[in-house]
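**Q** So I've got this file, work20.txt, and it contains compact mmCIF, C-alpha atoms and all ligand atoms:
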# COMPACT_ATOMS: atom_id res chain seq x y z
CA MET A 282 -117.38 -42.20 -86.69
CA PRO A 283 -115.83 -45.10 -84.79
CA SER A 284 -113.40 -44.06 -82.07
CA ARG A 285 -109.74 -44.32 -82.76
CA PRO A 286 -107.84 -47.08 -80.97
CA GLY A 287 -106.05 -45.79 -77.93
CA ARG A 288 -108.26 -42.74 -77.56
CA ASP A 289 -110.63 -44.36 -75.16
CA SER A 290 -108.87 -44.46 -71.82
CA ARG A 291 -111.22 -47.15 -70.48
CA SER A 292 -110.03 -50.67 -71.19
CA ARG A 293 -112.56 -52.97 -72.82
CA ARG A 294 -112.05 -55.36 -70.02
CA ASP A 295 -113.10 -52.77 -67.45
CA LYS A 296 -116.25 -53.84 -65.78
CA PRO A 297 -119.20 -51.67 -66.71
CA GLU A 298 -120.88 -49.96 -63.81
CA PRO A 299 -124.05 -51.70 -62.69
CA LYS A 300 -127.10 -49.92 -64.05
CA LYS A 301 -129.00 -47.86 -61.52
CA PRO A 302 -132.76 -48.39 -61.62
CA ARG A 303 -134.45 -45.41 -63.28
CA PRO A 304 -136.86 -43.53 -61.03
CA LYS A 305 -140.43 -43.74 -62.29
CA ALA A 306 -141.71 -40.50 -63.87
CA ALA A 307 -144.32 -38.88 -61.68
CA ALA A 308 -145.87 -36.66 -64.35
CA PRO A 309 -149.56 -35.97 -63.79
CA ARG A 310 -151.97 -37.61 -66.20
CA GLY A 311 -152.33 -35.72 -69.44
CA LYS A 312 -149.32 -33.53 -68.70
CA ARG A 313 -146.38 -35.46 -70.02
CA PRO A 314 -143.11 -33.53 -69.82
CA ARG A 315 -141.91 -32.40 -73.20
CA ARG A 316 -138.94 -34.36 -74.46
CA ALA A 317 -135.81 -32.25 -74.63
CA ALA A 318 -134.28 -31.88 -78.07
CA ALA A 319 -131.18 -33.78 -76.97
CA HIS A 320 -131.02 -36.12 -79.91
CA SER A 321 -129.44 -33.84 -82.46
CA PRO A 322 -127.89 -36.04 -85.12
CA THR A 323 -125.23 -33.39 -85.68
CA ALA A 324 -124.11 -33.13 -82.06
CA THR A 325 -120.39 -33.89 -81.86
CA PRO A 326 -120.04 -37.29 -80.26
CA ARG A 327 -117.72 -37.44 -77.30
CA ALA A 328 -115.48 -40.29 -76.34
CA ALA A 329 -115.68 -41.61 -72.79
CA SER A 330 -112.60 -39.49 -71.95
CA GLY A 331 -114.71 -36.40 -72.62
CA ALA A 332 -112.62 -35.33 -75.62
CA PRO A 333 -114.62 -34.72 -78.81
CA GLU A 334 -114.33 -37.52 -81.32
CA ARG A 335 -113.27 -36.57 -84.79
CA SER A 336 -116.26 -36.46 -87.07
CA MET A 337 -117.34 -35.13 -90.46
CA PRO A 338 -117.90 -31.40 -90.35
CA THR A 339 -121.60 -30.54 -90.19
CA LYS A 340 -123.54 -27.36 -90.71
CA THR A 341 -127.04 -26.29 -89.76
CA VAL A 342 -129.19 -26.48 -92.86
CA TYR A 343 -132.47 -25.43 -91.28
CA GLU A 344 -133.64 -23.53 -88.25
CA GLY A 345 -137.23 -22.77 -87.36
CA ARG A 346 -138.81 -20.05 -85.28
CA ILE A 347 -142.38 -19.36 -84.24
CA GLU A 348 -143.45 -15.98 -82.93
CA HIS A 349 -146.46 -15.30 -80.75
CA LEU A 350 -148.56 -12.23 -81.45
CA GLN A 351 -150.74 -10.49 -78.90
CA ILE A 352 -151.96 -6.91 -79.35
CA LEU A 353 -154.87 -6.61 -76.90
CA ASP A 354 -154.27 -8.28 -73.56
CA GLU A 355 -156.88 -9.77 -71.24
CA ASN A 356 -157.18 -6.54 -69.27
CA GLY A 357 -158.09 -4.63 -72.40
CA ARG A 358 -154.69 -2.95 -72.78
CA LEU A 359 -153.60 -2.35 -76.35
CA ASP A 360 -150.10 -2.32 -77.84
CA GLU A 361 -150.52 0.86 -79.89
CA ARG A 362 -147.47 0.19 -82.03
CA LEU A 363 -148.63 -3.25 -83.13
CA ALA A 364 -152.22 -2.07 -83.50
CA LYS A 365 -151.26 0.67 -85.95
CA GLY A 366 -153.12 0.33 -89.24
CA THR A 367 -155.37 -2.47 -87.97
CA LEU A 368 -158.84 -1.83 -86.49
CA SER A 369 -160.41 1.60 -85.99
CA ASP A 370 -162.60 2.30 -82.94
CA GLU A 371 -165.59 2.03 -85.23
CA ASP A 372 -164.45 -1.40 -86.41
CA VAL A 373 -163.95 -2.56 -82.83
CA VAL A 374 -167.45 -1.43 -81.77
CA PHE A 375 -168.89 -3.19 -84.81
CA LEU A 376 -166.96 -6.39 -84.08
CA TYR A 377 -167.85 -6.28 -80.38
CA GLU A 378 -171.54 -6.07 -81.26
CA HIS A 379 -171.14 -8.82 -83.83
CA MET A 380 -169.34 -11.16 -81.43
CA SER A 381 -171.98 -10.45 -78.77
CA LEU A 382 -174.72 -11.36 -81.23
CA CYS A 383 -172.89 -14.59 -82.03
CA ARG A 384 -172.73 -15.39 -78.33
CA ALA A 385 -176.44 -14.74 -77.86
CA TYR A 386 -177.04 -17.03 -80.85
CA ASP A 387 -174.84 -19.68 -79.27
CA GLU A 388 -176.78 -19.52 -76.01
CA ILE A 389 -180.13 -19.86 -77.72
CA ALA A 390 -178.86 -22.77 -79.83
CA PHE A 391 -177.84 -24.55 -76.63
CA LYS A 392 -181.34 -24.05 -75.20
CA LEU A 393 -182.97 -25.25 -78.42
CA GLN A 394 -181.04 -28.49 -78.14
CA ARG A 395 -181.81 -28.92 -74.45
CA SER A 396 -185.51 -28.42 -75.08
CA GLY A 397 -185.52 -31.01 -77.87
CA ARG A 398 -185.88 -28.55 -80.73
CA MET A 399 -182.47 -29.22 -82.26
CA GLY A 400 -180.41 -32.41 -82.71
CA THR A 401 -176.98 -31.37 -81.53
CA TYR A 402 -174.89 -28.20 -81.55
CA PRO A 403 -171.20 -27.33 -81.11
CA GLN A 404 -171.00 -24.12 -79.12
CA ASN A 405 -168.57 -21.44 -80.32
CA ILE A 406 -168.44 -19.63 -76.97
CA GLY A 407 -164.93 -18.36 -76.23
CA GLN A 408 -163.71 -18.60 -79.83
CA GLU A 409 -165.55 -15.61 -81.28
CA ALA A 410 -162.55 -13.29 -81.63
CA ALA A 411 -160.41 -15.78 -83.53
CA ALA A 412 -163.15 -16.26 -86.11
CA ALA A 413 -164.43 -12.68 -86.28
CA GLY A 414 -160.97 -11.08 -86.53
CA ALA A 415 -159.87 -13.44 -89.28
CA GLY A 416 -163.20 -13.13 -91.10
CA PHE A 417 -163.07 -9.34 -90.97
CA ALA A 418 -159.74 -9.36 -92.82
CA LEU A 419 -161.19 -11.30 -95.76
CA ARG A 420 -162.95 -9.70 -98.72
CA LYS A 421 -166.65 -10.44 -98.86
CA GLY A 422 -167.69 -12.16 -102.09
CA ILE A 423 -164.05 -12.47 -103.27
CA ASP A 424 -162.14 -14.67 -100.84
CA TRP A 425 -163.37 -18.14 -99.90
CA LEU A 426 -164.04 -19.42 -96.40
CA VAL A 427 -163.76 -23.18 -95.94
CA PRO A 428 -164.92 -23.79 -92.39
CA CYS A 429 -165.42 -26.49 -89.82
CA TYR A 430 -168.01 -25.73 -87.13
CA ARG A 431 -166.52 -23.14 -84.76
CA GLU A 432 -166.35 -20.18 -87.09
CA ASN A 433 -169.92 -18.92 -86.99
CA ALA A 434 -168.68 -15.40 -86.33
CA ALA A 435 -166.68 -15.38 -89.59
CA LEU A 436 -169.44 -16.99 -91.65
CA PHE A 437 -172.10 -14.48 -90.57
CA LEU A 438 -169.75 -11.61 -91.42
CA HIS A 439 -169.55 -13.00 -94.95
CA GLY A 440 -173.27 -13.10 -95.51
CA LEU A 441 -174.33 -16.57 -94.41
CA PRO A 442 -177.94 -16.14 -93.26
CA MET A 443 -177.96 -16.91 -89.53
CA GLU A 444 -180.89 -19.31 -89.86
CA LYS A 445 -178.71 -21.62 -91.93
CA ILE A 446 -176.52 -22.86 -89.09
CA LEU A 447 -179.56 -23.59 -86.91
CA LEU A 448 -181.23 -25.41 -89.79
CA HIS A 449 -178.13 -27.52 -90.34
CA TRP A 450 -178.04 -28.62 -86.71
CA MET A 451 -181.78 -29.23 -86.77
CA GLY A 452 -180.97 -31.85 -89.39
CA ASP A 453 -182.31 -29.92 -92.36
CA GLU A 454 -179.93 -30.13 -95.31
CA ARG A 455 -181.17 -26.78 -96.58
CA GLY A 456 -178.93 -25.39 -93.86
CA ASN A 457 -176.02 -26.38 -96.08
CA GLN A 458 -177.38 -24.69 -99.18
CA ILE A 459 -175.18 -21.64 -99.37
CA PRO A 460 -176.78 -18.74 -101.25
CA GLU A 461 -175.27 -17.75 -104.60
CA GLY A 462 -172.58 -15.12 -104.19
CA VAL A 463 -171.71 -16.12 -100.64
CA ASN A 464 -168.18 -17.54 -100.81
CA ILE A 465 -168.49 -20.12 -98.08
CA LEU A 466 -168.36 -23.90 -98.32
CA PRO A 467 -170.77 -25.98 -96.21
CA ILE A 468 -169.38 -26.61 -92.74
CA SER A 469 -167.21 -29.71 -92.60
CA ILE A 470 -167.98 -32.22 -89.89
CA PRO A 471 -165.33 -34.71 -91.07
CA ILE A 472 -162.29 -33.44 -89.23
CA GLY A 473 -159.45 -32.08 -91.33
CA THR A 474 -160.70 -33.14 -94.74
CA HIS A 475 -161.67 -29.69 -96.02
CA PRO A 476 -158.27 -27.91 -96.10
CA LEU A 477 -157.77 -29.92 -99.31
CA HIS A 478 -160.84 -28.23 -100.73
CA ALA A 479 -159.47 -24.82 -99.80
CA VAL A 480 -156.26 -25.74 -101.63
CA GLY A 481 -158.34 -26.78 -104.65
CA ILE A 482 -160.17 -23.44 -104.66
CA ALA A 483 -156.87 -21.56 -104.39
CA TRP A 484 -155.39 -23.62 -107.19
CA ALA A 485 -158.36 -22.88 -109.44
CA ALA A 486 -158.04 -19.17 -108.66
CA LYS A 487 -154.37 -19.25 -109.54
CA LEU A 488 -154.95 -21.10 -112.82
CA ARG A 489 -157.68 -18.63 -113.76
CA GLY A 490 -155.57 -15.65 -112.79
CA GLU A 491 -158.20 -14.49 -110.27
CA ASP A 492 -157.32 -12.35 -107.28
CA ARG A 493 -158.74 -14.61 -104.55
CA VAL A 494 -157.53 -16.18 -101.36
CA ALA A 495 -159.01 -19.33 -99.82
CA VAL A 496 -158.90 -19.86 -96.07
CA ALA A 497 -159.24 -23.23 -94.37
CA PHE A 498 -160.45 -23.10 -90.76
CA PHE A 499 -159.90 -26.13 -88.55
CA GLY A 500 -159.02 -27.20 -85.02
CA ASP A 501 -155.88 -28.50 -83.33
CA GLY A 502 -157.21 -32.04 -83.58
CA ALA A 503 -157.43 -31.74 -87.35
CA THR A 504 -153.66 -31.30 -87.54
CA SER A 505 -153.34 -34.91 -86.44
CA GLU A 506 -155.05 -35.91 -89.70
CA GLY A 507 -152.98 -36.67 -92.78
CA ASP A 508 -155.18 -34.59 -95.08
CA VAL A 509 -154.08 -31.36 -93.41
CA HIS A 510 -150.44 -32.20 -94.13
CA GLU A 511 -151.19 -33.13 -97.71
CA ALA A 512 -153.02 -29.85 -98.13
CA LEU A 513 -150.07 -27.91 -96.72
CA ASN A 514 -147.66 -29.70 -99.00
CA PHE A 515 -149.70 -29.06 -102.13
CA ALA A 516 -150.25 -25.45 -101.11
CA THR A 517 -146.57 -24.62 -100.73
CA VAL A 518 -145.30 -26.67 -103.67
CA LEU A 519 -147.82 -25.02 -105.98
CA ARG A 520 -147.42 -21.59 -104.28
CA LEU A 521 -151.15 -21.16 -103.85
CA PRO A 522 -153.09 -18.21 -102.41
CA VAL A 523 -154.32 -20.10 -99.38
CA VAL A 524 -154.20 -19.51 -95.61
CA PHE A 525 -154.46 -22.22 -92.95
CA PHE A 526 -156.21 -20.97 -89.82
CA CYS A 527 -156.06 -23.38 -86.90
CA GLN A 528 -158.07 -22.69 -83.76
CA ASN A 529 -156.08 -24.43 -81.07
CA ASN A 530 -158.49 -24.75 -78.16
CA SER A 531 -156.35 -27.38 -76.40
CA TRP A 532 -158.88 -30.15 -76.81
CA ALA A 533 -160.10 -32.56 -79.47
CA ILE A 534 -163.29 -33.61 -77.69
CA SER A 535 -161.83 -35.17 -74.51
CA VAL A 536 -158.28 -35.59 -75.82
CA PRO A 537 -155.95 -32.83 -74.60
CA SER A 538 -153.40 -31.55 -77.09
CA SER A 539 -150.61 -32.90 -74.84
CA LYS A 540 -151.80 -36.38 -75.80
CA GLN A 541 -151.94 -35.52 -79.48
CA PHE A 542 -148.54 -34.03 -80.18
CA LEU A 543 -145.31 -33.24 -78.39
CA ASN A 544 -144.43 -30.14 -80.37
CA LYS A 545 -144.68 -26.96 -78.37
CA THR A 546 -146.75 -25.12 -80.97
CA VAL A 547 -149.07 -26.29 -83.71
CA ALA A 548 -147.72 -23.61 -86.03
CA GLN A 549 -144.29 -25.21 -86.18
CA ARG A 550 -145.81 -28.14 -88.04
CA ALA A 551 -146.18 -25.79 -91.00
CA LEU A 552 -142.45 -25.09 -91.12
CA ALA A 553 -141.86 -28.60 -92.40
CA TYR A 554 -143.70 -27.57 -95.58
CA ASP A 555 -141.95 -24.22 -95.87
CA ALA A 556 -145.07 -22.30 -94.96
CA ILE A 557 -144.84 -19.30 -92.62
CA GLY A 558 -146.01 -20.38 -89.17
CA ILE A 559 -147.26 -17.90 -86.60
CA GLN A 560 -148.97 -18.30 -83.26
CA ILE A 561 -151.38 -15.67 -82.03
CA ASP A 562 -153.51 -15.00 -78.96
CA GLY A 563 -156.73 -16.28 -80.48
CA ASN A 564 -158.83 -14.38 -77.96
CA ASP A 565 -157.42 -11.12 -79.22
CA ILE A 566 -159.47 -9.62 -82.06
CA PHE A 567 -156.60 -7.33 -83.11
CA ALA A 568 -154.09 -10.18 -83.37
CA SER A 569 -156.48 -12.35 -85.30
CA TYR A 570 -157.27 -9.54 -87.75
CA LYS A 571 -153.64 -8.53 -88.23
CA ALA A 572 -152.35 -12.07 -88.65
CA MET A 573 -154.95 -12.77 -91.32
CA LYS A 574 -154.40 -9.44 -93.08
CA ASP A 575 -150.64 -10.09 -93.26
CA ALA A 576 -151.26 -13.67 -94.37
CA MET A 577 -153.54 -12.42 -97.16
CA ALA A 578 -150.82 -10.13 -98.49
CA ARG A 579 -148.38 -13.05 -98.51
CA ALA A 580 -150.92 -15.40 -100.08
CA LYS A 581 -151.17 -13.14 -103.10
CA GLU A 582 -147.43 -13.61 -103.56
CA GLY A 583 -147.83 -17.38 -103.36
CA VAL A 584 -146.47 -17.58 -99.81
CA VAL A 585 -148.57 -19.83 -97.60
CA THR A 586 -149.23 -18.93 -93.95
CA PHE A 587 -150.36 -21.19 -91.14
CA ILE A 588 -151.91 -19.26 -88.25
CA GLU A 589 -152.31 -20.99 -84.91
CA ALA A 590 -154.88 -19.09 -82.87
CA VAL A 591 -154.55 -20.14 -79.23
CA THR A 592 -158.05 -20.03 -77.79
CA TYR A 593 -160.42 -22.04 -75.66
CA ARG A 594 -163.91 -23.44 -76.02
CA MET A 595 -165.70 -22.38 -72.90
CA GLY A 596 -168.58 -24.77 -73.59
CA ASP A 597 -168.72 -28.50 -74.08
CA HIS A 598 -167.39 -30.06 -77.30
CA THR A 599 -170.98 -30.32 -78.47
CA THR A 600 -174.29 -30.62 -76.68
CA ALA A 601 -173.68 -34.40 -76.71
CA ASP A 602 -170.65 -33.91 -74.45
CA ASP A 603 -170.10 -32.98 -70.80
CA ALA A 604 -166.64 -31.43 -70.47
CA ARG A 605 -166.83 -31.54 -66.65
CA ARG A 606 -166.00 -35.22 -66.94
CA TYR A 607 -162.51 -34.63 -68.29
CA ARG A 608 -161.33 -31.09 -67.64
CA ASP A 609 -160.69 -29.09 -64.49
CA ALA A 610 -163.05 -26.37 -63.37
CA ALA A 611 -159.94 -24.30 -62.62
CA GLU A 612 -158.82 -24.49 -66.25
CA LEU A 613 -162.16 -23.17 -67.41
CA GLU A 614 -162.02 -20.40 -64.83
CA THR A 615 -158.57 -19.30 -66.04
CA TRP A 616 -159.91 -18.99 -69.57
CA ARG A 617 -163.04 -17.16 -68.46
CA GLN A 618 -160.69 -14.37 -67.39
CA ARG A 619 -159.36 -14.33 -70.95
CA ASP A 620 -162.82 -14.10 -72.51
CA PRO A 621 -162.42 -12.40 -75.90
CA LEU A 622 -165.58 -10.31 -75.44
CA LEU A 623 -164.72 -9.14 -71.97
CA ARG A 624 -161.38 -7.68 -73.00
CA VAL A 625 -162.89 -5.76 -75.94
CA ARG A 626 -165.54 -4.37 -73.64
CA ARG A 627 -162.83 -3.27 -71.18
CA TYR A 628 -160.87 -1.68 -74.01
CA LEU A 629 -163.87 0.23 -75.39
CA THR A 630 -165.03 1.29 -71.93
CA ALA A 631 -161.59 2.72 -71.14
CA LYS A 632 -161.79 4.72 -74.37
CA ASN A 633 -165.28 6.01 -73.54
CA LYS A 634 -166.69 4.19 -76.54
CA TRP A 635 -168.88 1.86 -74.50
CA ASP A 636 -170.91 1.94 -71.29
CA ASP A 637 -173.54 -0.04 -69.39
CA ALA A 638 -176.45 1.70 -71.09
CA LYS A 639 -175.09 0.75 -74.52
CA GLN A 640 -174.56 -2.78 -73.32
CA GLU A 641 -178.13 -3.06 -72.06
CA ALA A 642 -179.59 -1.65 -75.28
CA MET A 643 -177.46 -4.02 -77.36
CA GLU A 644 -178.52 -7.06 -75.36
CA ALA A 645 -182.19 -6.18 -75.83
CA ARG A 646 -181.64 -5.78 -79.59
CA HIS A 647 -179.84 -9.09 -79.83
CA LYS A 648 -182.49 -10.92 -77.84
CA ALA A 649 -185.13 -9.78 -80.31
CA ARG A 650 -182.91 -10.56 -83.31
CA VAL A 651 -182.06 -14.04 -82.13
CA GLY A 652 -185.74 -14.69 -81.42
CA GLU A 653 -186.52 -13.81 -85.04
CA ILE A 654 -183.76 -16.07 -86.35
CA VAL A 655 -185.13 -19.02 -84.36
CA LYS A 656 -188.63 -18.27 -85.62
CA ASN A 657 -187.41 -18.26 -89.21
CA ALA A 658 -185.48 -21.51 -88.78
CA GLU A 659 -188.39 -23.29 -87.13
CA GLY A 660 -190.98 -21.71 -89.38
CA ILE A 661 -189.55 -22.96 -92.66
CA GLU A 662 -191.88 -25.32 -94.47
CA LYS A 663 -190.88 -28.90 -93.70
CA PRO A 664 -189.17 -30.67 -96.57
CA SER A 665 -191.07 -33.37 -98.44
CA THR A 666 -190.02 -36.99 -98.04
CA ALA A 667 -190.11 -37.11 -101.84
CA ASP A 668 -186.86 -35.08 -101.83
CA ILE A 669 -184.92 -38.15 -100.76
CA PHE A 670 -185.94 -39.86 -103.99
CA ASP A 671 -186.16 -36.93 -106.38
CA TYR A 672 -182.61 -35.69 -106.04
CA THR A 673 -180.74 -38.98 -105.97
CA PHE A 674 -181.55 -40.67 -109.30
CA ALA A 675 -182.07 -39.30 -112.80
CA SER A 676 -184.90 -41.82 -113.22
CA LEU A 677 -186.15 -43.78 -110.27
CA PRO A 678 -185.93 -47.61 -110.32
CA PRO A 679 -189.42 -49.18 -109.89
CA GLU A 680 -188.62 -50.45 -106.42
CA LEU A 681 -187.80 -46.96 -105.19
CA GLU A 682 -190.79 -45.54 -107.06
CA ARG A 683 -192.92 -47.86 -104.93
CA GLN A 684 -191.16 -46.76 -101.74
CA LYS A 685 -191.68 -43.13 -102.66
CA ASP A 686 -195.42 -43.74 -103.17
CA THR A 687 -195.91 -45.55 -99.92
CA MET A 688 -193.53 -43.74 -97.60
CA ARG A 689 -196.16 -41.44 -96.18
CA THR A 690 -199.06 -43.84 -96.21
CA ALA A 691 -197.72 -47.14 -94.95
CA GLY A 692 -194.94 -48.82 -93.00
CA LEU A 693 -191.57 -47.38 -93.96
CA ALA A 694 -190.56 -48.45 -97.46
CA GLN A 695 -193.32 -51.06 -97.72
CA HIS A 696 -195.77 -51.33 -100.54
CA PRO A 697 -199.33 -51.20 -99.16
CA GLU A 698 -200.23 -54.46 -100.85
CA GLN A 699 -197.32 -56.20 -99.25
CA GLU A 700 -198.52 -55.19 -95.84
CA ARG A 701 -202.19 -55.54 -96.83
CA LEU A 702 -202.64 -51.85 -96.04
CA THR A 703 -205.44 -50.43 -98.14
CA ARG A 704 -205.73 -47.01 -96.60
C1 LIG B 801 -162.42 -37.70 -89.84
C2 LIG B 801 -163.09 -37.59 -88.50
N1 LIG B 801 -162.61 -38.29 -87.47
C3 LIG B 801 -163.19 -38.21 -86.25
C4 LIG B 801 -164.29 -37.41 -86.07
C5 LIG B 801 -164.94 -37.30 -84.71
N2 LIG B 801 -164.66 -35.97 -84.14
C6 LIG B 801 -165.57 -34.98 -84.17
S1 LIG B 801 -164.97 -33.56 -83.52
C7 LIG B 801 -163.49 -34.26 -83.16
C8 LIG B 801 -162.40 -33.48 -82.49
C9 LIG B 801 -161.95 -32.31 -83.28
O1 LIG B 801 -161.03 -31.57 -82.55
P1 LIG B 801 -160.44 -30.25 -83.11
O2 LIG B 801 -159.99 -30.45 -84.51
O3 LIG B 801 -159.42 -29.76 -82.15
O4 LIG B 801 -161.68 -29.24 -83.17
P2 LIG B 801 -162.55 -28.68 -81.94
O5 LIG B 801 -163.76 -29.56 -81.85
O6 LIG B 801 -161.72 -28.72 -80.72
O7 LIG B 801 -162.92 -27.30 -82.34
C10 LIG B 801 -163.48 -35.60 -83.56
C11 LIG B 801 -162.33 -36.50 -83.37
C12 LIG B 801 -164.78 -36.69 -87.18
N3 LIG B 801 -165.83 -35.88 -87.10
N4 LIG B 801 -164.15 -36.79 -88.38
MG MG B 802 -159.63 -28.49 -80.59
Mind converting the file's structure to structure tokens?
**A**
Amino acid sequence: MPSRPGRDSRSRRDKPEPKKPRPKAAAPRGKRPRRAAAHSPTATPRAASGAPERSMPTKTVYEGRIEHLQILDENGRLDERLAKGTLSDEDVVFLYEHMSLCRAYDEIAFKLQRSGRMGTYPQNIGQEAAAAGAGFALRKGIDWLVPCYRENAALFLHGLPMEKILLHWMGDERGNQIPEGVNILPISIPIGTHPLHAVGIAWAAKLRGEDRVAVAFFGDGATSEGDVHEALNFATVLRLPVVFFCQNNSWAISVPSSKQFLNKTVAQRALAYDAIGIQIDGNDIFASYKAMKDAMARAKEGVVTFIEAVTYRMGDHTTADDARRYRDAAELETWRQRDPLLRVRRYLTAKNKWDDAKQEAMEARHKARVGEIVKNAEGIEKPSTADIFDYTFASLPPELERQKDTMRTAGLAQHPEQERLTR
């Protein structure tokens, strides 16, 4: 409201004070200070005298809050109260072995790429607990997993043959053929597009009256894409049984999250759509499991949850990247101490459920298993070039028929007569 005449003690003719030059911000690159929330439109304006101006009465119509959940800390100490009703010792041993197998798989995939036996590969190292904990809370063959490319640990728990991921990254499309009965969509390389598909699956389940939940897995970078926001909006408006699971690993390739968004958490973005937002320690298998289990229960009631799992990729973005060029060695070292496998091992060791002999035996088993998986992936009969033609058209136009005939015998896509090849 405009100020009342006479209330402002400063005469209009008073000379304004000369402006002092603003000191230049000396924030380090990539670490911009967060802007304070000082621009509340409902803050009572004050006249220059310091007295509050008269204004329309206002009330707070919305307040948001994001909680952070951690149950198992980096030293392997468990909060027994929060852990109640979550994972048994048997479950934890199983998940530790599973995550260790996934890591061995990750290491061999890296070597396959470096030795020219695979095109490219995005390592999952460091993010195993986020994926495995969440995956373990979902019902195999009932709920749907709609992944990106850092959830191997969840996909394998739900029956995706381990060869498939290697095949995919070897450039063989059969890697994306998901076996019947396995409720997983092919991994999505386009960033942030697939949460819409998860919403579609959840919508179909709701319309059919089926007891199913769909889970979209994606990274922090994906939340900068419009599709994720559209998916959230549809999900809450239609009250769908869907969960959004965001692995916030602080980076979208070489772009740090501080350059992507100013909000303190990713989870708070969900509040705008009236979804429940929660942040968890993504390197904590208990937190990941519990957050997903709770989200599942809400999903069945049509309440949408957005889980932000704070984690870290300890490898490069993909094998085509070299993270040393843009991130500090010290940052990586800090996160090594928070390794999700290390803390589970510490926890189990303290409970006398694990020891060095078990570790050694497990590593030998995994080495053999991973060797077999690679053999299967590399041993599969090579696809025929005819596949390109056979599965694209109902009936092939003559030009393509000619290309199909000559593809293996002559210059690419050339008819032998055209090139005077009479082999
Ligand atoms: C629609 C789209 N835009 C850009 C890219 C290129 N791209 C590949 S990965 C990536 C970063 C993704 O970051 P984030 O979502 O945080 O996942 P992360 O790789 O960190 O797990 C980008 C921009 C893409 N694949 N798809
Ligand atoms: Mg990321």
**Q** Kindly work out which residues sit at most 10 Å from ligand MG 802 (chain B), using only C-alpha atoms and all ligand atoms, and give the list as a list in words.
**A**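 What falls inside 10 Å of ligand MG 802 (chain B) is Arg431, Phe499, Gly500, Asp501, Gly502, Ala503, Thr504, Cys527, Gln528, Asn529, Asn530, Ser531, Trp532, Ala533, Ile534, Ser535, Val536, Pro537, Ser538, Val591, Thr592, Tyr593, Arg594 and His598 of chain A.
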**Q** Need the shell around A:Pro442: protein/DNA/RNA residues with any atom at most 12 Å away, counting only C-alpha atoms. Skip same-chain ones fewer than 3 positions apart. Format as a list in words?
**A**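 The filter keeps Asn433, Ala434, Ala435, Leu436, Phe437, Leu438, His439, Lys445, Ile446, Leu447, Leu448, His449, Arg455, Gly456, Asn457, Gln458, Ile459, Pro460, Glu461, Val463, Ile465, Ile654, Val655, Asn657 and Ala658 of chain A.
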**Q** Between atom CA of A:Pro664 and atom CA of A:Gln684, what is the distance in Å, rounded to a tenth?
**A**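 It comes out at 17.0 Å.
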**Q** Which residue is closest to ligand LIG 801 (chain B)? Choose from A:Ala611, A:Leu681, A:Val518, A:Ala604 and count all atoms listed in the file.
**A** A:Ala604
**Q** What separation in Å, quoted to one decimal, exists between atom CA of A:Gly407 and atom CA of A:Leu466?
**A**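 Computing the Euclidean distance for atom CA of A:Gly407 and atom CA of A:Leu466 yields 23.0 Å.
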**Q** Could you pull out every residue with an atom within 12 Å of (-153.6, -0.4, -77.6), file coordinates, counting only C-alpha atoms, and send them as a ChimeraX atom specification?
**A** /A:351-370,373,565-568,624-625,627-629,631-632
**Q** For A:Asn464, find every residue with an atom within 8 Å (counting all atoms listed in the file), except residues of its own chain fewer than 2 positions away, and show them as a list of chain:residue names.
**A** A:Lys421, A:Gly422, A:Ile423, A:Asp424, A:Trp425, A:Leu426, A:His439, A:Gly462, A:Leu466
**Q** For stretch 339-347 of chain A in the structure I just supplied, write out N, CA and C atoms - as a PDB file, in the first residue's frame.
**A**
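As a result, decode-v6.pdb now contains:
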ATOM      1  N   THR A 339      -2.502 -10.402   6.007  1.00  0.00           N
ATOM      2  CA  THR A 339      -2.144 -11.584   5.216  1.00  0.00           C
ATOM      3  C   THR A 339      -2.080 -12.788   6.144  1.00  0.00           C
ATOM      4  N   LYS A 340      -2.150 -13.947   5.550  1.00  0.00           N
ATOM      5  CA  LYS A 340      -1.988 -15.165   6.345  1.00  0.00           C
ATOM      6  C   LYS A 340      -1.141 -16.140   5.530  1.00  0.00           C
ATOM      7  N   THR A 341      -0.472 -17.030   6.223  1.00  0.00           N
ATOM      8  CA  THR A 341       0.339 -18.030   5.519  1.00  0.00           C
ATOM      9  C   THR A 341      -0.605 -19.095   4.980  1.00  0.00           C
ATOM     10  N   VAL A 342      -0.543 -19.317   3.665  1.00  0.00           N
ATOM     11  CA  VAL A 342      -1.455 -20.318   3.100  1.00  0.00           C
ATOM     12  C   VAL A 342      -0.727 -21.631   2.790  1.00  0.00           C
ATOM     13  N   TYR A 343       0.590 -21.590   2.861  1.00  0.00           N
ATOM     14  CA  TYR A 343       1.335 -22.833   2.602  1.00  0.00           C
ATOM     15  C   TYR A 343       2.685 -22.779   3.274  1.00  0.00           C
ATOM     16  N   GLU A 344       3.067 -23.881   3.867  1.00  0.00           N
ATOM     17  CA  GLU A 344       4.410 -23.998   4.434  1.00  0.00           C
ATOM     18  C   GLU A 344       4.939 -25.379   4.084  1.00  0.00           C
ATOM     19  N   GLY A 345       6.183 -25.451   3.690  1.00  0.00           N
ATOM     20  CA  GLY A 345       6.746 -26.744   3.309  1.00  0.00           C
ATOM     21  C   GLY A 345       7.842 -27.180   4.259  1.00  0.00           C
ATOM     22  N   ARG A 346       8.042 -28.495   4.322  1.00  0.00           N
ATOM     23  CA  ARG A 346       9.095 -29.016   5.192  1.00  0.00           C
ATOM     24  C   ARG A 346       9.634 -30.308   4.578  1.00  0.00           C
ATOM     25  N   ILE A 347      10.940 -30.436   4.592  1.00  0.00           N
ATOM     26  CA  ILE A 347      11.557 -31.662   4.072  1.00  0.00           C
ATOM     27  C   ILE A 347      12.393 -32.286   5.179  1.00  0.00           C
TER      28      ILE A 347
END
